[in-house]
Amino acid sequence: MMNERRGVAGWFDPRGRRLGGLAFIVNRLSGLGVLVYLYLHLLILTQLARGPVAWDAFVAFAGSPVVLAFDVLLLAGLLVHGLNGVRLALLGFGVVTGRGTALFVALMTGAVLIAAVGALRLFEVA
Amino acid sequence: MATLVDRPPEAVPAPGAAPVTATRVVRVRRTPRDGGAARWDRVEVPVSSSRMTVLDALTWIRSRVDPTLDVRHSCFHASCGTCGLRVDGRDVLACVTRLDDLREGEVSVEPLRNQPVVSDLVVDLEALYEALEPMAVPLVRSSTLVAGGRPAEGVPALGRFEDCIECGLCISACPIEATDAAYEGPAVLGAAWRVIDEPRGTDPASALAIVDGDQGAWRCHLAFECSEACPSEAEPGEHILHLRRGLLRRRVAAILRRRGTHEGSGR
């Protein structure tokens, strides 16, 4: 018999998903993004071992609009993943029941607003 | 595995009825019984009525175009749970899904996911039935719809608990089931909660022990796709949360008991 279990592809397939399923996909993607950033961050820190010249060159590069845009994306990813994590903890331990959708909409609205303010501040400072 | 029906398909107009003018193209996922390569068949189906369902279209295909199409069904009114399919990417019962309610264009019909495909649109639900057995799901339904019914001893009020029709739609919709065959799954966990909530003389401890593992209630990632897909509003997702709350209470009570025992023995 053929098995219709799709593996990891089954996590990310958005077809036919409702808000809860889309929130599941968003949480997985943002989690993977944050994980990739963690390793990238460790890689960047190795520049310190190459001396002040290499580090200063990186700091100058970090102020470029492309890197700042990446920082905004990172901030948004952290907010989405963190706030959705809070929602899941509240639901998962039975603190909140039956309000998962409303909670998701409220928290994601908050994430977008905070990310927008963060983006403005980042580009302002730069 | 497939069954032919005596009832004439809706697509065939009754004698004297208005001629069929509209058609819909139905794309059907075909998986040969011998394990050969799966393919999509496209069939133009006449639509005789706004009430015509996906199951009507499939039985029309079976009777008029291709009798080798395997599709399972029985009751035609969402009670037996045998005609679960994926229609346009959503897990539904084909017998109550009207073509008119679907988006315009081709209608895609696939077998349920996360369960072995026997052939074409028929999946093997044996694993689900076997997993439900240890839960000892009570067959008697306590229903508010029973006029003059009285709650059993220890049950504060009547309520509908036996809504699950064991159709497997929740298993197909669950994203965790896509990667983990060992996961107990929403149908079984929902059944476990019903046993615990309304034991009817049985000992719920065995059900709790089954669902308290890492492939039980704690494996759920709260997408609630199971509850969205459920055609009988059994709400397995919500039941999993009830289970978790019950399990947490049990663990906290055990910790407090142990602390009490230690303090008692320290005096």
# chains A, B, ... in the order shown; residues from 1 in each chain; ligands from 1
>>> residues_around(residues="Arg15 (chain A)", least_positions_apart="2", cutoff="8 Å", atoms="only C-alpha atoms", output="PyMOL selection string")
(chain A and resi 13+17) or (chain B and resi 89-90)
>>> interface_residues(of="chain B", to="chain A", cutoff="9 Å", atoms="only C-alpha atoms", output="number ranges by chain")
B: 31, 33-35, 88-91, 111-119, 124, 172-181, 218, 220-225, 228, 238, 240-242, 244-245, 248
>>> write_last_selection(atoms="N, CA and C atoms", output="compact mmCIF listing (two decimals), in the first residue's frame")
# COMPACT_ATOMS: atom_id res chain seq x y z
N THR B 31 -4.59 5.80 -7.69
CA THR B 31 -3.43 5.02 -7.24
C THR B 31 -3.76 3.55 -7.48
N ARG B 33 -4.02 -0.37 -7.38
CA ARG B 33 -4.00 -1.31 -6.26
C ARG B 33 -2.67 -2.09 -6.20
N ASP B 34 -2.06 -2.29 -7.38
CA ASP B 34 -0.83 -3.08 -7.43
C ASP B 34 0.41 -2.27 -7.06
N GLY B 35 0.23 -1.01 -6.64
CA GLY B 35 1.37 -0.20 -6.21
C GLY B 35 2.05 0.53 -7.36
N ASP B 88 -10.21 19.69 -3.20
CA ASP B 88 -9.57 21.01 -3.35
C ASP B 88 -8.66 21.31 -2.16
N GLY B 89 -7.96 20.29 -1.69
CA GLY B 89 -6.97 20.48 -0.62
C GLY B 89 -7.53 20.46 0.79
N ARG B 90 -8.84 20.30 0.93
CA ARG B 90 -9.47 20.26 2.26
C ARG B 90 -10.00 18.86 2.56
N ASP B 91 -9.89 18.49 3.82
CA ASP B 91 -10.36 17.17 4.25
C ASP B 91 -11.86 17.25 4.54
N PRO B 111 -7.15 11.02 -2.09
CA PRO B 111 -7.40 10.26 -0.85
C PRO B 111 -6.92 11.03 0.36
N LEU B 112 -7.39 10.65 1.53
CA LEU B 112 -6.93 11.28 2.77
C LEU B 112 -5.43 11.07 2.92
N ARG B 113 -4.79 11.99 3.63
CA ARG B 113 -3.35 11.89 3.85
C ARG B 113 -3.04 11.17 5.15
N ASN B 114 -1.77 10.86 5.28
CA ASN B 114 -1.22 10.28 6.51
C ASN B 114 -1.78 8.91 6.87
N GLN B 115 -2.39 8.28 5.89
CA GLN B 115 -2.90 6.92 6.06
C GLN B 115 -2.59 6.14 4.78
N PRO B 116 -2.30 4.85 4.90
CA PRO B 116 -1.95 4.09 3.69
C PRO B 116 -3.09 4.06 2.69
N VAL B 117 -2.75 4.28 1.43
CA VAL B 117 -3.77 4.23 0.37
C VAL B 117 -3.89 2.79 -0.13
N VAL B 118 -5.09 2.27 -0.05
CA VAL B 118 -5.34 0.91 -0.55
C VAL B 118 -5.37 0.96 -2.08
N SER B 119 -6.19 1.85 -2.60
CA SER B 119 -6.20 2.13 -4.04
C SER B 119 -7.08 3.35 -4.28
N ASP B 124 -6.62 2.96 4.21
CA ASP B 124 -6.77 1.90 5.21
C ASP B 124 -6.88 2.54 6.60
N SER B 172 -5.78 13.15 8.66
CA SER B 172 -5.31 13.69 7.40
C SER B 172 -4.93 15.17 7.52
N ALA B 173 -5.69 15.91 8.32
CA ALA B 173 -5.47 17.35 8.44
C ALA B 173 -4.31 17.70 9.37
N CYS B 174 -3.97 16.80 10.29
CA CYS B 174 -2.97 17.11 11.32
C CYS B 174 -1.55 17.19 10.73
N PRO B 175 -0.85 18.32 10.91
CA PRO B 175 0.51 18.42 10.36
C PRO B 175 1.52 17.51 11.07
N ILE B 176 1.29 17.19 12.33
CA ILE B 176 2.23 16.32 13.06
C ILE B 176 2.14 14.89 12.51
N GLU B 177 0.95 14.48 12.13
CA GLU B 177 0.77 13.14 11.55
C GLU B 177 1.57 12.98 10.26
N ALA B 178 1.90 14.11 9.61
CA ALA B 178 2.65 14.03 8.35
C ALA B 178 4.04 13.45 8.55
N THR B 179 4.60 13.64 9.75
CA THR B 179 5.98 13.19 9.96
C THR B 179 6.07 12.05 10.97
N ASP B 180 5.04 11.84 11.75
CA ASP B 180 5.19 10.93 12.87
C ASP B 180 4.09 9.87 12.93
N ALA B 181 4.40 8.68 12.44
CA ALA B 181 3.41 7.60 12.43
C ALA B 181 3.12 7.10 13.84
N TRP B 218 1.08 15.38 24.58
CA TRP B 218 2.14 16.41 24.56
C TRP B 218 2.77 16.56 23.18
N CYS B 220 1.07 17.03 20.41
CA CYS B 220 0.24 17.96 19.63
C CYS B 220 0.88 19.34 19.58
N HIS B 221 0.87 19.98 18.40
CA HIS B 221 1.45 21.31 18.26
C HIS B 221 0.39 22.39 18.05
N LEU B 222 -0.82 22.08 18.41
CA LEU B 222 -1.89 23.07 18.53
C LEU B 222 -2.21 23.84 17.25
N ALA B 223 -2.19 23.16 16.13
CA ALA B 223 -2.60 23.81 14.88
C ALA B 223 -4.13 23.83 14.77
N PHE B 224 -4.79 22.94 15.49
CA PHE B 224 -6.26 22.83 15.52
C PHE B 224 -6.87 22.54 14.15
N GLU B 225 -6.05 22.05 13.23
CA GLU B 225 -6.60 21.66 11.92
C GLU B 225 -7.56 20.48 12.08
N GLU B 228 -10.94 21.82 12.90
CA GLU B 228 -11.50 22.49 11.72
C GLU B 228 -12.03 21.46 10.72
N GLU B 238 -9.58 20.56 20.99
CA GLU B 238 -9.98 21.07 22.30
C GLU B 238 -9.90 19.96 23.34
N ILE B 240 -7.82 17.51 23.35
CA ILE B 240 -6.40 17.30 23.68
C ILE B 240 -5.97 18.30 24.77
N LEU B 241 -6.47 19.53 24.66
CA LEU B 241 -6.13 20.54 25.69
C LEU B 241 -6.73 20.16 27.03
N HIS B 242 -7.95 19.64 27.02
CA HIS B 242 -8.56 19.16 28.27
C HIS B 242 -7.72 18.05 28.87
N ARG B 244 -4.50 17.57 28.49
CA ARG B 244 -3.27 18.14 29.03
C ARG B 244 -3.52 18.74 30.42
N ARG B 245 -4.64 19.43 30.52
CA ARG B 245 -4.97 20.03 31.81
C ARG B 245 -5.14 18.95 32.88
N LEU B 248 -1.74 17.52 33.72
CA LEU B 248 -0.98 18.46 34.57
C LEU B 248 -1.46 18.38 36.02
>>> closest_residue(among="B:Pro46, B:Gly185, B:Gly36, B:Gly190", to="Glu233 (chain B)", atoms="only C-alpha atoms")
B:Gly190
>>> atom_distance(atom1="CA of Arg98 (chain B)", atom2="CA of Glu126 (chain B)")
28.1 Å
>>> residues_around(residues="region 29-41 of chain A", least_positions_apart="3", cutoff="7 Å", atoms="only C-alpha atoms", output="number ranges by chain")
A: 25-26, 44-45, 77-78, 81
>>> atom_distance(atom1="CA of Ala111 (chain A)", atom2="CA of Ala69 (chain A)")
16.3 Å
>>> residues_around(residues="Glu44 (chain B)", least_positions_apart="4", cutoff="7 Å", atoms="only C-alpha atoms", output="PyMOL selection string")
chain B and resi 23-26
